[in-house]
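Just below is one structure, and these are the notes that go with it.
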Amino acid sequence: MPTVAPLDLDGHCVTAAFIGGVPFFAMADGTVHWLDHGSKSATIHDGLLCAVADAPGKRLVSGGEDGKVCALSLDGSVAVLAELGRKWVTSIAAGPQGALAFASGRNATVRFADGKTREFAHPRSVEGLAFSPKGMRFGVARYNGATLHFPASEGKPAELEWAGAHTGITFSPDGSFVVTTMQENALHGWKLADGKHMRMSGYPAKVKSLSWSAKGKWLASSGAPAAVVWPFQGKDGPMGKAPLELGTRGNTMVTSVACHPAEDIVAIGYEDGMVLAARFADAKEVLLRRPGKGAVTSMMWDDEGRRLVFGTTTGDCGIIDIAG
């Protein structure tokens with residue numbers, strides 16, 4: 001049976017992540033907690049808005065209402081990577097070769113490993129950021145579509161247009177597809193080779209969580225009373241294909257998804273704090289955590305795929321060991 005090690009923290013957990021096998025919990029008040037031979041914490045921001053694991057750099061990178069971009073290392077040291085004054089840092093992404101991207105207002109900034117930065121201005125506010133897994137390329141979710149930049153070259157960006165407000169962005173693991181979350185209850189995708197569109201709609205709620213399967217053949221999403229998992233095996237992605245619906249629970253919404261790093265399995269977190277694991281092949285389910293306090297906001301597997309860290313809206317956090 002899976003075992004749960006609970007961690008009761010104060011407030012809303014923005015990001016729960018493993019870095020170097022150590023569980024980290026970034027809270028909205030600006031405090032980060034981590035469990036490394038005991039419980040440790042540090043106040044990083046005056047109001048934390050976004051945080052992401054920069055696994056190769058073995059650090060948690062975060063942005064806040066205080067206009068700072070910070071990196072918290074495993075040894076507890078904090079480096080301030082950027083200071084934007086009174087502007088909020090609303091989105092952050094970790095890229096290849098130690099690069100980072102962060103957003104504030106209409107600007108997206110890439111910070112290279114050597115500390116040099118390059119800023120990209122957009123006509124409307126930057127809502128989401130992601131790096132392509134292949135090459136130094138990053139994408140911006142914006143109003144009416146997405147923009148793909150090559151920050152290391154002077155080439156023109158690629159503009160992917162689709163009417164509506166796009167709030168988040170992800171590249172497929174092979175770099176062939178870009179998918180955005182939207183303000184309406186839908187996803188939108190583009191096949192980069194030919195610009196073909198993929199419209200993934202029918203969600204009863206906004207999609208706030210996306211996760212690619214280990215080999216990139218599936219894209220799991222929240223925003224329904226099941227994890228909606230789109231097939232990306234074919235050259236045209238999910239066009240004309242129905243998604244899997246895993247972990248269906250009446251009218252209890254899925255709020256977070258995290259695909260296993262090796263197996264075709266997805267962890268599914270719900271608005272009542274419950275966590276299930278479901279297998280793509282046969283939809284078999286395993287209960288990982290009973291309902292608790294608050295909706296699951298963030299989950300991540302460790303590199304071995306044995307432990308799952310989770311956070312919730314009420315600070316009702318923890319680590320699930322699926323091997324018991």
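Letters for chains follow the order of the structure tokens (A, B, ...), residue numbers begin at 1 for each chain, and ligand numbers begin at 1 in the order shown.
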Inset, instruction - Taking the DSSP assignment computed from this structure's backbone, write out as a PyMOL selection string all residues of segment 60-256 of chain A that belong to strand (DSSP E or B). - result: chain A and resi 60-64+68-73+78-83+91-94+100-104+107-111+117-121+128-131+138-149+158-171+177-182+187-191+196-200+210-212+218-221+227-231+244-246+254-256
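Around Pro96 of chain A, within 9 Å and counting only C-alpha atoms, the residues found are Pro56, Ala94, Gly98, Ala99, Leu100, Phe131, Ser132, Pro133, Lys134, Gly135 and Met136 of chain A, once anything fewer than 2 positions away on its own chain is removed.
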Inset, instruction - Considering only C-alpha atoms, return as a PyMOL selection string whatever protein or nucleic-acid residues lie within 12 Å of Gly324 of chain A, sequence-local ones (same chain, fewer than 4 positions apart) excluded. - result: chain A and resi 1-5+288+306-308+319-320
Legend entry - Distance query Ser39 of chain A at most 10 Å, only C-alpha atoms, self and fewer than 5 positions along chain excluded, as a VMD selection string: chain A and resid 7 33 to 34
Let's have the selection written as a PDB file, in the first residue's frame, with C-alpha atoms.
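Final output, selection.pdb:
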ATOM      1  CA  LEU A   7       3.323  17.995   6.114  1.00  0.00           C
ATOM      2  CA  HIS A  33       9.947  24.651   3.029  1.00  0.00           C
ATOM      3  CA  TRP A  34      12.065  21.620   2.267  1.00  0.00           C
TER       4      TRP A  34
END
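Counting only C-alpha atoms and comparing A:Pro6, A:Gly20, A:Pro261, A:Pro204, the residue that lies closest to Gly292 of chain A is A:Pro6.
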Inset, instruction - Determine, counting only C-alpha atoms, which protein, DNA and RNA residues have an atom within 8 Å of an atom of Trp212 of chain A; residues of the same chain fewer than 4 positions away are not included. Present the result as a PyMOL selection string. - result: chain A and resi 172-173+216-220+258-259
Please write the residues from the selection above to a file, keeping N, CA, C and O atoms, as a PDB file, in the first residue's frame.
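Written out: out-v2.pdb:
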ATOM      1  N   SER A 172       5.766  19.665 -26.584  1.00  0.00           N
ATOM      2  CA  SER A 172       5.865  18.202 -26.457  1.00  0.00           C
ATOM      3  C   SER A 172       7.334  17.821 -26.273  1.00  0.00           C
ATOM      4  O   SER A 172       8.233  18.543 -26.696  1.00  0.00           O
ATOM      5  N   PRO A 173       7.603  16.674 -25.633  1.00  0.00           N
ATOM      6  CA  PRO A 173       8.992  16.283 -25.366  1.00  0.00           C
ATOM      7  C   PRO A 173       9.871  16.169 -26.611  1.00  0.00           C
ATOM      8  O   PRO A 173      11.082  16.362 -26.519  1.00  0.00           O
ATOM      9  N   GLY A 216       6.220  11.085 -24.301  1.00  0.00           N
ATOM     10  CA  GLY A 216       5.545  12.149 -25.037  1.00  0.00           C
ATOM     11  C   GLY A 216       4.388  11.682 -25.892  1.00  0.00           C
ATOM     12  O   GLY A 216       3.902  12.430 -26.747  1.00  0.00           O
ATOM     13  N   LYS A 217       3.901  10.455 -25.644  1.00  0.00           N
ATOM     14  CA  LYS A 217       2.788   9.951 -26.462  1.00  0.00           C
ATOM     15  C   LYS A 217       1.428  10.404 -25.947  1.00  0.00           C
ATOM     16  O   LYS A 217       0.423  10.245 -26.625  1.00  0.00           O
ATOM     17  N   TRP A 218       1.393  10.946 -24.741  1.00  0.00           N
ATOM     18  CA  TRP A 218       0.133  11.358 -24.135  1.00  0.00           C
ATOM     19  C   TRP A 218       0.323  12.705 -23.439  1.00  0.00           C
ATOM     20  O   TRP A 218       1.393  12.980 -22.891  1.00  0.00           O
ATOM     21  N   LEU A 219      -0.748  13.521 -23.419  1.00  0.00           N
ATOM     22  CA  LEU A 219      -0.764  14.772 -22.669  1.00  0.00           C
ATOM     23  C   LEU A 219      -1.959  14.732 -21.722  1.00  0.00           C
ATOM     24  O   LEU A 219      -3.104  14.734 -22.156  1.00  0.00           O
ATOM     25  N   ALA A 220      -1.659  14.683 -20.417  1.00  0.00           N
ATOM     26  CA  ALA A 220      -2.712  14.648 -19.397  1.00  0.00           C
ATOM     27  C   ALA A 220      -3.072  16.068 -19.002  1.00  0.00           C
ATOM     28  O   ALA A 220      -2.227  16.967 -18.990  1.00  0.00           O
ATOM     29  N   ALA A 258       0.141  14.735 -12.923  1.00  0.00           N
ATOM     30  CA  ALA A 258       1.600  14.563 -13.029  1.00  0.00           C
ATOM     31  C   ALA A 258       1.887  13.167 -13.572  1.00  0.00           C
ATOM     32  O   ALA A 258       1.610  12.167 -12.904  1.00  0.00           O
ATOM     33  N   CYS A 259       2.417  13.108 -14.788  1.00  0.00           N
ATOM     34  CA  CYS A 259       2.732  11.809 -15.392  1.00  0.00           C
ATOM     35  C   CYS A 259       4.005  11.232 -14.778  1.00  0.00           C
ATOM     36  O   CYS A 259       4.955  11.961 -14.450  1.00  0.00           O
TER      37      CYS A 259
END
Write out as an mmCIF file with N, CA, C and O atoms, in the first residue's frame which residues come within 10 Å of Glu184 of chain A when counting only C-alpha atoms, dropping same-chain ones fewer than 5 positions away.
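Final output, saved to part_31.cif:
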data_model
loop_
_atom_site.group_PDB
_atom_site.id
_atom_site.type_symbol
_atom_site.label_atom_id
_atom_site.label_comp_id
_atom_site.auth_asym_id
_atom_site.auth_seq_id
_atom_site.Cartn_x
_atom_site.Cartn_y
_atom_site.Cartn_z
ATOM 1 N N GLY A 164 -8.422 34.468 -28.789
ATOM 2 C CA GLY A 164 -8.711 34.166 -27.385
ATOM 3 C C GLY A 164 -7.504 34.402 -26.495
ATOM 4 O O GLY A 164 -6.407 34.697 -26.966
ATOM 5 N N ALA A 165 -7.730 34.292 -25.194
ATOM 6 C CA ALA A 165 -6.655 34.510 -24.224
ATOM 7 C C ALA A 165 -5.984 33.182 -23.891
ATOM 8 O O ALA A 165 -6.641 32.251 -23.433
ATOM 9 N N HIS A 166 -4.688 33.109 -24.151
ATOM 10 C CA HIS A 166 -3.901 31.898 -23.874
ATOM 11 C C HIS A 166 -3.112 32.133 -22.591
ATOM 12 O O HIS A 166 -2.398 33.133 -22.466
ATOM 13 N N THR A 167 -3.235 31.221 -21.637
ATOM 14 C CA THR A 167 -2.756 31.471 -20.273
ATOM 15 C C THR A 167 -1.531 30.656 -19.884
ATOM 16 O O THR A 167 -0.835 31.000 -18.936
ATOM 17 N N SER A 201 -11.391 20.816 -26.830
ATOM 18 C CA SER A 201 -12.394 21.544 -26.044
ATOM 19 C C SER A 201 -13.328 20.565 -25.334
ATOM 20 O O SER A 201 -13.112 19.355 -25.357
ATOM 21 N N TYR A 203 -14.128 20.910 -21.993
ATOM 22 C CA TYR A 203 -13.862 20.880 -20.555
ATOM 23 C C TYR A 203 -14.936 21.667 -19.800
ATOM 24 O O TYR A 203 -15.335 22.741 -20.234
ATOM 25 N N PRO A 204 -15.364 21.179 -18.646
ATOM 26 C CA PRO A 204 -16.314 21.954 -17.843
ATOM 27 C C PRO A 204 -15.659 23.077 -17.048
ATOM 28 O O PRO A 204 -16.340 23.951 -16.532
ATOM 29 N N ALA A 205 -14.329 23.060 -16.903
ATOM 30 C CA ALA A 205 -13.626 24.100 -16.139
ATOM 31 C C ALA A 205 -12.337 24.466 -16.864
ATOM 32 O O ALA A 205 -11.940 23.809 -17.828
ATOM 33 N N LYS A 206 -11.666 25.524 -16.374
ATOM 34 C CA LYS A 206 -10.382 25.925 -16.962
ATOM 35 C C LYS A 206 -9.328 24.856 -16.709
ATOM 36 O O LYS A 206 -9.292 24.258 -15.637
ATOM 37 N N VAL A 207 -8.459 24.662 -17.688
ATOM 38 C CA VAL A 207 -7.357 23.704 -17.540
ATOM 39 C C VAL A 207 -6.170 24.453 -16.925
ATOM 40 O O VAL A 207 -5.636 25.390 -17.514
#
Legend entry - Polymer residues at most 10 Å from Ser41 of chain A, only C-alpha atoms, same-chain spacing of 5 or more positions, as a list in words: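 My reading of the contact set: Phe24, Phe25, Ala26, Thr31, Val32, His33, Trp34, Leu35 and Gly76 of chain A.
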Legend entry - Nearest-residue call for Val257 of chain A, choices A:Val275, A:Met239, A:Ala141, A:Leu210, using only C-alpha atoms: A:Leu210
Inset, instruction - Go through A:Glu245, A:Asp302, A:Asp174, A:Asp264 and flag the residue nearest Ala224 of chain A, using only C-alpha atoms for the distances. - result: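 When distances to Ala224 of chain A are compared using only C-alpha atoms, the smallest one comes from A:Glu245.
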Inset, instruction - Tell me which of A:Gly155, A:Gly139, A:Gly269, A:Gly30 sits closest to Ser209 of chain A, counting only C-alpha atoms. - result: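 Using only C-alpha atoms, the shortest distance to Ser209 of chain A belongs to A:Gly269.
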Legend entry - Nearest to Ala101 of chain A, chosen from A:His260, A:His149, A:Arg142, A:Lys40, with only C-alpha atoms counted in the distances: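 When distances to Ala101 of chain A are compared using only C-alpha atoms, the smallest one comes from A:His149.
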Legend entry - Nearest residue to Met300 of chain A from the set A:Pro243, A:Gly223, A:Gly318, A:Gly195 (distances using only C-alpha atoms):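 Counting only C-alpha atoms, the residue closest to Met300 of chain A is A:Gly318.
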